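This is final.cif. It holds mmCIF, C-alpha atoms.
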```cif
data_input
loop_
_atom_site.label_atom_id
_atom_site.label_comp_id
_atom_site.auth_asym_id
_atom_site.auth_seq_id
_atom_site.Cartn_x
_atom_site.Cartn_y
_atom_site.Cartn_z
CA MET A 1 -34.57 1.87 -10.10
CA SER A 2 -35.32 -0.46 -12.99
CA ASP A 3 -34.63 -4.16 -12.51
CA LYS A 4 -33.00 -4.27 -15.96
CA ALA A 5 -30.00 -2.58 -17.60
CA SER A 6 -29.90 -1.97 -21.34
CA LEU A 7 -26.85 -2.20 -23.55
CA GLU A 8 -26.78 -1.25 -27.23
CA ILE A 9 -24.18 -2.75 -29.59
CA ASP A 10 -24.28 -2.05 -33.35
CA GLY A 11 -27.84 -0.84 -33.07
CA LYS A 12 -29.07 -3.93 -31.26
CA LYS A 13 -30.31 -3.66 -27.67
CA TYR A 14 -29.74 -6.22 -24.96
CA GLU A 15 -31.14 -6.31 -21.44
CA PHE A 16 -29.44 -7.72 -18.37
CA PRO A 17 -30.80 -8.14 -14.83
CA ILE A 18 -29.78 -5.84 -12.00
CA ILE A 19 -28.78 -7.41 -8.69
CA LYS A 20 -29.14 -5.47 -5.44
CA GLY A 21 -27.29 -6.42 -2.25
CA THR A 22 -28.62 -6.18 1.29
CA GLU A 23 -26.70 -2.90 1.76
CA ASN A 24 -28.14 -1.51 -1.50
CA GLU A 25 -25.06 -2.21 -3.59
CA VAL A 26 -26.04 -2.50 -7.26
CA ALA A 27 -24.56 -4.73 -9.94
CA ILE A 28 -25.42 -5.55 -13.55
CA ASP A 29 -25.50 -9.32 -14.02
CA ILE A 30 -23.67 -9.86 -17.33
CA LYS A 31 -22.98 -13.59 -17.12
CA ALA A 32 -25.15 -14.08 -20.25
CA LEU A 33 -23.45 -11.24 -22.18
CA ARG A 34 -21.03 -13.30 -24.26
CA GLY A 35 -23.61 -15.84 -25.30
CA ALA A 36 -26.34 -13.29 -26.06
CA THR A 37 -24.07 -11.04 -28.13
CA ASN A 38 -22.12 -13.74 -29.95
CA GLY A 39 -18.79 -13.10 -28.24
CA VAL A 40 -18.84 -9.57 -26.82
CA ILE A 41 -17.17 -9.26 -23.39
CA THR A 42 -16.34 -6.44 -20.98
CA ILE A 43 -12.78 -5.46 -20.14
CA ASP A 44 -11.83 -4.20 -16.69
CA PRO A 45 -8.08 -4.31 -15.88
CA GLY A 46 -7.62 -4.99 -12.20
CA PHE A 47 -11.33 -5.89 -11.89
CA LYS A 48 -12.01 -2.56 -10.15
CA ASN A 49 -15.57 -2.47 -11.51
CA THR A 50 -16.26 -6.19 -11.66
CA GLY A 51 -17.94 -8.30 -9.00
CA SER A 52 -16.63 -11.86 -9.12
CA CYS A 53 -19.19 -13.26 -6.70
CA THR A 54 -21.96 -12.57 -4.24
CA SER A 55 -20.86 -13.05 -0.65
CA GLU A 56 -22.40 -13.03 2.82
CA ILE A 57 -19.11 -12.63 4.69
CA THR A 58 -17.80 -9.05 4.73
CA TYR A 59 -19.35 -5.66 4.02
CA LEU A 60 -17.07 -2.73 3.31
CA ASP A 61 -18.04 0.87 2.55
CA GLY A 62 -14.92 2.85 1.79
CA GLU A 63 -16.70 6.19 1.52
CA GLN A 64 -18.25 5.93 4.98
CA GLY A 65 -15.38 4.07 6.63
CA ILE A 66 -17.49 1.00 7.48
CA LEU A 67 -16.24 -2.56 7.91
CA ARG A 68 -18.50 -5.40 9.12
CA TYR A 69 -18.05 -9.15 9.42
CA ARG A 70 -21.33 -11.06 8.92
CA GLY A 71 -23.22 -7.89 9.91
CA TYR A 72 -21.23 -7.15 13.07
CA SER A 73 -19.28 -3.88 13.17
CA ILE A 74 -15.50 -4.16 13.36
CA GLU A 75 -15.65 -1.82 16.36
CA ASP A 76 -17.90 -4.21 18.34
CA LEU A 77 -15.88 -7.27 17.42
CA ALA A 78 -12.55 -5.68 18.33
CA GLU A 79 -13.92 -4.53 21.68
CA LYS A 80 -16.12 -7.46 22.70
CA ALA A 81 -14.97 -10.60 20.85
CA ASP A 82 -11.68 -12.45 20.70
CA PHE A 83 -9.94 -13.66 17.56
CA LEU A 84 -11.19 -17.23 17.78
CA GLU A 85 -14.81 -16.09 18.16
CA THR A 86 -14.33 -13.82 15.16
CA ALA A 87 -12.77 -16.64 13.15
CA TYR A 88 -15.74 -18.90 13.88
CA LEU A 89 -18.14 -16.10 12.93
CA LEU A 90 -16.41 -15.52 9.60
CA ILE A 91 -16.16 -19.18 8.68
CA PHE A 92 -19.54 -20.48 9.85
CA GLY A 93 -21.74 -17.37 9.76
CA GLU A 94 -22.78 -16.94 13.41
CA LEU A 95 -21.07 -16.13 16.69
CA PRO A 96 -20.47 -19.39 18.59
CA THR A 97 -22.14 -20.31 21.85
CA LYS A 98 -19.83 -20.96 24.78
CA GLU A 99 -20.10 -24.72 24.24
CA VAL A 100 -19.44 -24.48 20.50
CA LEU A 101 -16.47 -22.16 21.05
CA THR A 102 -15.00 -24.50 23.65
CA LYS A 103 -15.24 -27.44 21.23
CA PHE A 104 -13.84 -25.37 18.34
CA GLU A 105 -10.82 -24.40 20.41
CA ALA A 106 -10.29 -27.95 21.66
CA ASP A 107 -10.52 -29.36 18.13
CA ILE A 108 -7.97 -26.80 16.92
CA LYS A 109 -5.59 -27.63 19.77
CA ALA A 110 -5.87 -31.32 18.91
CA GLN A 111 -4.50 -30.47 15.45
CA SER A 112 -1.75 -28.08 16.57
CA TYR A 113 1.06 -30.60 16.08
CA VAL A 114 3.04 -30.55 12.82
CA ASP A 115 4.65 -33.72 11.45
CA GLU A 116 8.37 -33.88 12.24
CA ASP A 117 9.08 -34.41 8.55
CA VAL A 118 7.98 -30.81 7.90
CA LYS A 119 11.00 -29.72 9.95
CA ARG A 120 13.20 -31.40 7.35
CA ILE A 121 11.62 -29.22 4.67
CA LEU A 122 12.30 -26.17 6.82
CA ASP A 123 15.92 -27.28 7.28
CA GLY A 124 16.37 -26.86 3.52
CA PHE A 125 15.82 -23.11 3.74
CA PRO A 126 18.69 -20.74 4.58
CA LYS A 127 18.19 -18.33 7.49
CA THR A 128 18.13 -15.52 4.93
CA ALA A 129 15.01 -16.90 3.20
CA HIS A 130 12.07 -14.49 3.32
CA PRO A 131 9.58 -15.77 5.94
CA MET A 132 6.67 -15.38 3.50
CA GLY A 133 8.36 -17.77 1.08
CA VAL A 134 8.95 -20.18 3.94
CA LEU A 135 5.32 -19.94 5.12
CA ALA A 136 3.87 -20.45 1.64
CA SER A 137 6.10 -23.49 1.12
CA LEU A 138 5.33 -25.08 4.49
CA THR A 139 1.59 -24.50 4.05
CA SER A 140 1.76 -26.11 0.63
CA ALA A 141 3.76 -28.99 2.15
CA LEU A 142 0.82 -29.77 4.45
CA ILE A 143 -0.90 -31.15 1.35
CA ALA A 144 1.56 -34.07 1.39
CA PHE A 145 0.40 -34.98 4.90
CA ASN A 146 -3.29 -34.35 4.17
CA ALA A 147 -3.50 -35.55 0.58
CA GLU A 148 -7.25 -35.94 0.14
CA SER A 149 -9.22 -33.01 -1.31
CA GLU A 150 -12.09 -32.06 0.96
CA ASP A 151 -15.56 -33.35 0.11
CA VAL A 152 -17.69 -30.21 0.27
CA ASP A 153 -20.78 -32.34 0.74
CA SER A 154 -19.33 -33.66 3.99
CA GLU A 155 -19.63 -31.18 6.88
CA GLU A 156 -17.27 -33.38 8.89
CA GLU A 157 -14.51 -33.32 6.26
CA MET A 158 -14.83 -29.57 5.79
CA TYR A 159 -14.74 -28.95 9.54
CA ASN A 160 -11.73 -31.24 10.03
CA ALA A 161 -9.78 -29.46 7.29
CA ILE A 162 -10.58 -26.08 8.85
CA VAL A 163 -9.52 -26.96 12.41
CA THR A 164 -6.43 -28.73 11.07
CA LEU A 165 -5.24 -25.61 9.28
CA MET A 166 -6.23 -23.29 12.16
CA GLY A 167 -4.22 -25.54 14.49
CA LYS A 168 -1.08 -25.92 12.42
CA PHE A 169 -0.79 -22.46 10.86
CA PRO A 170 0.39 -20.58 14.00
CA VAL A 171 3.09 -23.24 14.46
CA LEU A 172 4.29 -22.71 10.88
CA VAL A 173 4.26 -18.93 11.39
CA SER A 174 6.40 -19.26 14.51
CA TRP A 175 8.76 -21.67 12.74
CA ALA A 176 9.31 -19.11 9.97
CA LEU A 177 10.34 -16.59 12.63
CA ARG A 178 12.37 -18.94 14.80
CA LYS A 179 14.23 -20.31 11.76
CA LYS A 180 15.26 -16.74 10.95
CA GLN A 181 16.36 -16.12 14.54
CA GLY A 182 18.16 -19.45 14.89
CA TYR A 183 15.93 -20.51 17.79
CA ALA A 184 14.72 -24.02 18.57
CA LEU A 185 11.32 -24.84 17.08
CA ASP A 186 8.35 -25.16 19.42
CA TYR A 187 4.84 -26.63 19.33
CA GLY A 188 3.23 -24.24 21.76
CA ASP A 189 1.25 -24.79 24.94
CA ASP A 190 -2.21 -26.40 24.97
CA SER A 191 -2.99 -24.83 28.35
CA LEU A 192 -3.09 -21.38 26.75
CA GLY A 193 -5.78 -19.68 24.68
CA TYR A 194 -5.35 -19.41 20.92
CA VAL A 195 -3.79 -15.92 20.81
CA GLU A 196 -1.89 -16.43 24.08
CA ASN A 197 -0.33 -19.53 22.53
CA ILE A 198 0.59 -17.60 19.38
CA ALA A 199 2.40 -15.02 21.52
CA LYS A 200 4.35 -17.72 23.36
CA LEU A 201 5.24 -19.47 20.10
CA LEU A 202 6.60 -16.20 18.72
CA PHE A 203 8.27 -14.59 21.72
CA LYS A 204 9.58 -17.37 23.99
CA LYS A 205 13.37 -17.18 24.17
CA PRO A 206 15.27 -20.49 24.40
CA SER A 207 17.07 -19.66 27.67
CA ALA A 208 14.58 -17.41 29.43
CA GLU A 209 11.33 -17.90 31.29
CA TYR A 210 8.38 -16.74 29.21
CA LYS A 211 6.11 -14.19 30.91
CA GLN A 212 2.82 -13.26 29.30
CA ASN A 213 2.10 -9.55 28.82
CA ASP A 214 -1.66 -8.93 28.73
CA VAL A 215 -1.28 -5.56 26.99
CA VAL A 216 0.61 -7.28 24.19
CA ILE A 217 -1.95 -10.11 24.04
CA ASP A 218 -4.81 -7.60 23.74
CA ALA A 219 -3.03 -5.69 20.96
CA LEU A 220 -2.19 -8.89 19.09
CA ASP A 221 -5.78 -10.12 19.44
CA LYS A 222 -7.10 -6.84 17.98
CA LEU A 223 -4.57 -6.87 15.14
CA LEU A 224 -5.60 -10.37 14.12
CA ILE A 225 -9.31 -9.45 14.24
CA LEU A 226 -8.79 -6.30 12.18
CA HIS A 227 -6.92 -8.23 9.48
CA ALA A 228 -9.24 -11.26 9.46
CA ASP A 229 -11.10 -10.39 6.25
CA HIS A 230 -11.41 -7.48 3.83
CA GLU A 231 -13.76 -8.50 1.04
CA GLN A 232 -12.49 -9.44 -2.44
CA ASN A 233 -8.90 -8.19 -2.32
CA CYS A 234 -6.01 -9.68 -4.30
CA SER A 235 -5.15 -12.59 -1.96
CA THR A 236 -8.79 -13.44 -1.17
CA SER A 237 -9.69 -13.46 -4.86
CA THR A 238 -6.68 -15.70 -5.42
CA VAL A 239 -7.87 -18.16 -2.76
CA ARG A 240 -11.33 -18.27 -4.36
CA ILE A 241 -10.10 -18.66 -7.95
CA VAL A 242 -7.61 -21.40 -7.02
CA GLY A 243 -10.30 -23.14 -4.99
CA SER A 244 -12.72 -22.87 -7.91
CA SER A 245 -10.64 -25.52 -9.69
CA HIS A 246 -11.52 -27.77 -6.72
CA ALA A 247 -8.00 -27.45 -5.38
CA GLY A 248 -7.96 -28.31 -1.67
CA LEU A 249 -7.97 -25.86 1.22
CA PHE A 250 -4.22 -26.01 1.92
CA ALA A 251 -3.27 -25.44 -1.73
CA SER A 252 -5.70 -22.54 -2.02
CA ILE A 253 -4.42 -20.88 1.16
CA SER A 254 -0.80 -21.32 0.04
CA ALA A 255 -1.68 -19.45 -3.16
CA GLY A 256 -3.28 -16.69 -1.09
CA ILE A 257 -0.10 -16.33 0.97
CA SER A 258 1.92 -15.82 -2.21
CA ALA A 259 -0.53 -13.17 -3.41
CA LEU A 260 -0.37 -11.40 -0.05
CA TRP A 261 3.43 -11.25 -0.24
CA GLY A 262 3.42 -8.42 -2.81
CA PRO A 263 4.33 -4.92 -1.56
CA LEU A 264 1.11 -3.48 -3.01
CA HIS A 265 -0.94 -5.81 -0.80
CA GLY A 266 0.24 -7.38 2.45
CA GLY A 267 3.69 -5.85 2.26
CA ALA A 268 2.34 -2.38 3.03
CA ASN A 269 3.22 -2.40 6.73
CA GLN A 270 6.73 -3.59 5.87
CA ALA A 271 6.98 -0.67 3.43
CA VAL A 272 6.05 1.70 6.27
CA LEU A 273 9.01 0.57 8.39
CA GLU A 274 11.37 0.69 5.42
CA MET A 275 10.25 4.28 4.81
CA LEU A 276 10.85 5.16 8.47
CA GLU A 277 14.31 3.60 8.31
CA GLY A 278 15.06 5.76 5.27
CA ILE A 279 13.93 8.91 7.06
CA LYS A 280 16.10 8.01 10.07
CA GLN A 281 19.16 7.48 7.89
CA ASP A 282 18.57 10.91 6.35
CA GLY A 283 18.59 12.63 9.72
CA GLY A 284 15.05 11.98 10.96
CA ASP A 285 13.57 15.32 9.87
CA THR A 286 9.82 14.55 9.64
CA LYS A 287 8.91 18.06 8.45
CA LYS A 288 11.24 17.65 5.49
CA TYR A 289 9.53 14.41 4.47
CA MET A 290 6.04 15.79 4.96
CA ALA A 291 7.00 18.59 2.57
CA LYS A 292 8.36 16.02 0.10
CA ALA A 293 5.07 14.09 0.32
CA LYS A 294 3.14 17.25 -0.62
CA ASP A 295 5.45 18.08 -3.55
CA LYS A 296 3.94 16.62 -6.74
CA GLU A 297 7.34 16.75 -8.42
CA ASP A 298 8.99 14.68 -5.70
CA PRO A 299 8.93 10.87 -6.21
CA PHE A 300 8.80 10.25 -2.44
CA ARG A 301 5.66 8.41 -1.27
CA LEU A 302 4.39 8.60 2.28
CA MET A 303 3.62 4.97 3.14
CA GLY A 304 0.90 4.05 5.63
CA PHE A 305 -1.31 7.07 4.99
CA GLY A 306 -4.60 6.94 3.10
CA HIS A 307 -6.10 3.77 1.63
CA ARG A 308 -7.14 2.73 -1.86
CA VAL A 309 -10.52 1.54 -0.56
CA TYR A 310 -11.24 3.80 2.40
CA LYS A 311 -11.82 7.39 1.28
CA ASN A 312 -12.28 8.43 4.88
CA PHE A 313 -10.50 7.31 8.06
CA ASP A 314 -9.70 3.58 8.00
CA PRO A 315 -12.01 2.23 10.75
CA ARG A 316 -9.39 -0.35 11.69
CA ALA A 317 -6.82 2.41 12.24
CA LYS A 318 -9.01 4.13 14.85
CA ILE A 319 -9.08 0.92 16.87
CA ILE A 320 -5.46 -0.09 16.56
CA LYS A 321 -4.11 3.43 17.25
CA VAL A 322 -5.31 3.03 20.84
CA ALA A 323 -3.63 -0.37 21.11
CA ALA A 324 -0.40 1.03 19.64
CA ASP A 325 -0.34 3.81 22.23
CA GLU A 326 -0.95 1.28 25.02
CA VAL A 327 1.81 -1.06 23.82
CA LEU A 328 4.37 1.75 23.50
CA ALA A 329 3.47 3.08 26.94
CA ASP A 330 3.58 -0.37 28.57
CA LEU A 331 6.83 -1.51 27.01
CA GLY A 332 8.55 1.85 27.35
CA VAL A 333 10.38 1.25 24.10
CA ASN A 334 13.12 3.77 23.31
CA ASP A 335 13.40 3.60 19.53
CA PRO A 336 14.13 6.54 17.20
CA ILE A 337 12.18 4.81 14.42
CA LEU A 338 9.03 4.83 16.55
CA ASP A 339 9.68 8.46 17.50
CA ILE A 340 9.75 9.33 13.80
CA ALA A 341 6.51 7.42 13.27
CA LYS A 342 4.76 9.32 16.05
CA GLY A 343 6.08 12.58 14.64
CA LEU A 344 4.69 11.81 11.18
CA GLU A 345 1.37 10.80 12.71
CA GLN A 346 0.94 14.06 14.63
CA GLU A 347 1.93 16.22 11.67
CA ALA A 348 -0.45 14.42 9.30
CA LEU A 349 -3.37 14.66 11.72
CA ASN A 350 -2.83 18.41 12.09
CA ASP A 351 -1.77 19.40 8.56
CA ASP A 352 -4.55 20.89 6.41
CA TYR A 353 -3.06 19.30 3.28
CA PHE A 354 -3.49 15.78 4.68
CA VAL A 355 -6.72 16.46 6.58
CA LYS A 356 -8.49 17.92 3.51
CA ARG A 357 -7.39 14.94 1.40
CA LYS A 358 -8.27 12.51 4.22
CA LEU A 359 -4.77 11.05 4.12
CA TYR A 360 -4.96 9.68 7.64
CA PRO A 361 -2.69 6.98 9.08
CA ASN A 362 -4.09 3.58 8.13
CA VAL A 363 -4.00 0.16 9.80
CA ASP A 364 -0.67 -0.69 8.13
CA PHE A 365 0.95 2.34 9.77
CA TYR A 366 -0.11 1.37 13.29
CA SER A 367 0.39 -2.37 12.87
CA GLY A 368 3.96 -1.71 11.74
CA ILE A 369 4.56 0.38 14.86
CA ILE A 370 3.23 -2.37 17.13
CA TYR A 371 5.21 -5.15 15.47
CA ARG A 372 8.35 -3.04 15.63
CA ALA A 373 7.79 -2.40 19.33
CA LEU A 374 7.33 -6.15 19.93
CA GLY A 375 10.66 -6.90 18.27
CA ILE A 376 9.19 -8.69 15.26
CA PRO A 377 11.54 -8.37 12.25
CA THR A 378 10.26 -6.23 9.40
CA ASP A 379 10.12 -9.09 6.90
CA MET A 380 7.85 -10.99 9.33
CA PHE A 381 5.15 -8.29 9.21
CA THR A 382 3.39 -9.81 6.21
CA VAL A 383 3.50 -13.23 7.87
CA MET A 384 1.62 -11.73 10.82
CA PHE A 385 -0.88 -10.30 8.35
CA ALA A 386 -1.37 -13.80 6.89
CA LEU A 387 -1.95 -15.19 10.38
CA GLY A 388 -4.80 -12.74 10.90
CA ARG A 389 -6.23 -13.21 7.40
CA LEU A 390 -6.34 -17.03 7.67
CA PRO A 391 -9.99 -17.32 8.88
CA GLY A 392 -11.15 -14.90 6.19
CA TRP A 393 -9.45 -16.94 3.49
CA ILE A 394 -10.98 -20.12 4.91
CA ALA A 395 -14.43 -18.50 5.04
CA GLN A 396 -14.18 -17.28 1.45
CA TRP A 397 -12.93 -20.68 0.22
CA ARG A 398 -15.71 -22.49 2.08
CA GLU A 399 -18.41 -20.14 0.77
CA MET A 400 -17.16 -20.50 -2.80
CA ARG A 401 -17.16 -24.31 -2.59
CA LEU A 402 -20.57 -24.54 -0.88
CA ASN A 403 -22.05 -22.21 -3.50
CA LYS A 404 -20.62 -24.50 -6.20
CA GLU A 405 -19.22 -21.52 -8.06
CA PRO A 406 -17.82 -22.31 -11.52
CA ILE A 407 -14.10 -22.44 -12.18
CA GLY A 408 -12.64 -18.96 -12.59
CA ARG A 409 -11.82 -18.25 -16.21
CA PRO A 410 -11.41 -14.56 -17.14
CA ARG A 411 -11.61 -13.66 -20.82
CA GLN A 412 -9.27 -11.38 -22.80
CA ILE A 413 -9.17 -9.14 -25.84
CA TYR A 414 -6.43 -10.35 -28.16
CA THR A 415 -4.24 -7.51 -29.53
CA GLY A 416 -1.45 -9.55 -31.14
CA GLU A 417 -0.58 -10.30 -34.77
CA ASN A 418 -3.12 -11.63 -37.25
CA LEU A 419 -2.48 -14.94 -39.05
CA ARG A 420 1.06 -15.04 -40.44
CA ASP A 421 2.79 -17.42 -42.83
CA PHE A 422 5.47 -19.54 -41.21
CA LYS A 423 8.96 -19.18 -42.69
CA GLU A 424 11.65 -21.83 -42.36
CA VAL A 425 14.63 -20.78 -40.29
CA GLU A 426 16.92 -20.32 -43.31
CA ASN A 427 14.44 -17.88 -44.87
CA ARG A 428 13.97 -15.58 -41.86
#
```
Show the structure stored in the file as structure tokens.
Amino acid sequence: MSDKASLEIDGKKYEFPIIKGTENEVAIDIKALRGATNGVITIDPGFKNTGSCTSEITYLDGEQGILRYRGYSIEDLAEKADFLETAYLLIFGELPTKEVLTKFEADIKAQSYVDEDVKRILDGFPKTAHPMGVLASLTSALIAFNAESEDVDSEEEMYNAIVTLMGKFPVLVSWALRKKQGYALDYGDDSLGYVENIAKLLFKKPSAEYKQNDVVIDALDKLLILHADHEQNCSTSTVRIVGSSHAGLFASISAGISALWGPLHGGANQAVLEMLEGIKQDGGDTKKYMAKAKDKEDPFRLMGFGHRVYKNFDPRAKIIKVAADEVLADLGVNDPILDIAKGLEQEALNDDYFVKRKLYPNVDFYSGIIYRALGIPTDMFTVMFALGRLPGWIAQWREMRLNKEPIGRPRQIYTGENLRDFKEVENR
């Protein structure tokens, strides 16, 4: 392959360098295009063919069903690492030693308190407020208590900002849930591991003794790992572009939460449960809805099957399917919604229409099943997604700042009116 790409405009040829990634991905470097051509730009709605950066964090091959963090397969990490190890890997580039991991966890625990004044902000929300709106607001409010923007030339300042957010974020997540449930707010338990503490924050009932369930902890740990990063998606790109203005970490993450809220992004697992509820209300006939999904004239969409990036089986779904089966078996949940989900899963995996089109259940399908089984309200699903995605957002923000990337400023092609004469109001 040539190391140059040629472009011809009005009979004049221009050459631009070709960049090749470590996994043989190829890109045409057009950052000099506008200057070289006196104003010509490319247009790519949705940026489906545009690379906004080079990154060393996550590799994704949708055709082959491959997902790796810093070179480690998602399968190995889900089986052999815990969430905090994975978070450290994503943010700092290498798996931590035992000593480093111990310090990382201790530093996070030291920052796990949230100022009492934040509770007053939470008090202003009604119980009916969507938890994602609550989480975005509380994360943004942290800026008021940590006002200084991080000095990217100071490793200490960057590290302190990271452990501060990693410490406080699970508390804010649990507060969003407990506010909705009308439960007393909690700060967690420093004697527990990171994920074990998250589970207690979420599931401890005010009047009952909390008992840890290791099957649930293992499933939650895997879910958080599987959601920890996913390359340059909508929310991650948002974090990077907000951070490119030199906005601080908390402001950038708050923006990412808002981007994740959309039903086309992080709201997918919530959409799965809403679909299942609709099927139940219509009698629970899964065969009827599988037929509707195959009918091109029918507006019904089967949520949680297939993926816009993965053209094969979602590698995360293979892992979390096992955890979902284990959770359902351990908890012995009797829920018609989950019965419908299992029915859809079996029909899709054995129906030629879905198999040929590789419309397999994806990670959103199985994560929705697990969260439902754990008693997490449907509108909290995206909040749980944000909890898992936090280290990926931090890693992407940190990489962007350390690389001193320029402020994001997409161009446009103007298609409005040409110059018009202004008319006074009485003459219009």
| query | Taking the file as shown, what set of residues would the PyMOL selection byres ((chain A and resi 210) around 12) give back, as a PyMOL selection string? | reply | chain A and resi 188-189+196-197+199-209+211-213
| message | So that I can see what lies close to Val171 (chain A), please list as a PyMOL selection string the residues with an atom at most 9 Å from it, counting only C-alpha atoms and leaving out residues fewer than 3 positions away in the same chain. | response | chain A and resi 112-114+167-168+174-176+185-188+198+201-202
| field | Top pick for closest residue to Leu390 (chain A), considering A:Ala228, A:Ile217, A:Leu177, A:Leu77 and counting all atoms listed in the file | value | A:Ala228
| query | So how far away is CA of Arg68 (chain A) from CA of His230 (chain A), in Å? | reply |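 These two atoms are separated by 9.1 Å.
Minimum distance to Ile43 (chain A) across A:Gly343, A:Pro410, A:Gly267, A:Gly65 (counting only C-alpha atoms) occurs at A:Pro410.
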| task | Output the residue selection produced by the PyMOL selection byres ((chain A and resi 293) around 12) on the file above, formatted as a ChimeraX atom specification. | result | /A:275,286-292,294-303,305,344,347-348,351,353-354,359
Could you take the residues named above and write them with C-alpha atoms, as a tab-separated table (two decimals), keeping the file's coordinate frame?
```tsv
chain	number	residue	atom	x	y	z
A	275	MET	CA	10.25	4.28	4.81
A	286	THR	CA	9.82	14.55	9.64
A	287	LYS	CA	8.91	18.06	8.45
A	288	LYS	CA	11.24	17.65	5.49
A	289	TYR	CA	9.53	14.41	4.47
A	290	MET	CA	6.04	15.79	4.96
A	291	ALA	CA	7.00	18.59	2.57
A	292	LYS	CA	8.36	16.02	0.10
A	294	LYS	CA	3.14	17.25	-0.62
A	295	ASP	CA	5.45	18.08	-3.55
A	296	LYS	CA	3.94	16.62	-6.74
A	297	GLU	CA	7.34	16.75	-8.42
A	298	ASP	CA	8.99	14.68	-5.70
A	299	PRO	CA	8.93	10.87	-6.21
A	300	PHE	CA	8.80	10.25	-2.44
A	301	ARG	CA	5.66	8.41	-1.27
A	302	LEU	CA	4.39	8.60	2.28
A	303	MET	CA	3.62	4.97	3.14
A	305	PHE	CA	-1.31	7.07	4.99
A	344	LEU	CA	4.69	11.81	11.18
A	347	GLU	CA	1.93	16.22	11.67
A	348	ALA	CA	-0.45	14.42	9.30
A	351	ASP	CA	-1.77	19.40	8.56
A	353	TYR	CA	-3.06	19.30	3.28
A	354	PHE	CA	-3.49	15.78	4.68
A	359	LEU	CA	-4.77	11.05	4.12
```
| message | Need the shell around Thr58 (chain A): protein/DNA/RNA residues with any atom at most 8 Å away, counting only C-alpha atoms. Skip same-chain ones fewer than 4 positions apart. Format as a VMD selection string? | response | chain A and resid 67 to 71 229 to 231
| query | To one decimal place, how far is CA of Arg409 (chain A) from CA of Val309 (chain A) in Å? | reply | 25.3 Å
| Quick one, how far is CA of Asn24 (chain A) from CA of Asp3 (chain A)? | 13.1 Å
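Residues matched by the PyMOL selection byres ((chain A and resi 260) around 10) in this structure: Met132, Asn233, Cys234, Ser235, Thr236, Thr238, Ser254, Ala255, Gly256, Ile257, Ser258, Ala259, Trp261, Gly262, Pro263, Leu264, His265, Gly266, Gly267, Ala268, Thr382, Val383, Phe385, Ala386 and Arg389 of chain A.
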| If we count only C-alpha atoms, what is near Tyr310 (chain A) at a cut-off of 12 Å, once residues fewer than 6 positions away on the same chain are taken out, given as a ChimeraX atom specification? | /A:60-67,230,316-317,357-363
| request: Tell me, as an MDAnalysis selection string, which residues lie within 10 Å of Phe250 (chain A), counting all atoms listed in the file; anything in the same chain fewer than 6 positions away does not count. | output: chainID A and resid 136 138:144 146:147 149:150 161:162 164:165 239 243 256 394
| request: Would you please work out which residue, of A:Lys48, A:Ile340, A:Gln346, A:Asp364, is nearest to Asp282 (chain A) when using only C-alpha atoms? | output: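 Looking at the shortest contact to Asp282 (chain A), the residue is A:Ile340.
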| message | Taking 2 positions as the minimum chain separation for residues in the same chain, which residues sit within 9 Å of region 8-13 of chain A when counting all atoms listed in the file? Answer as an NGL selection string. | response | :A and (6 or 15 or 37)
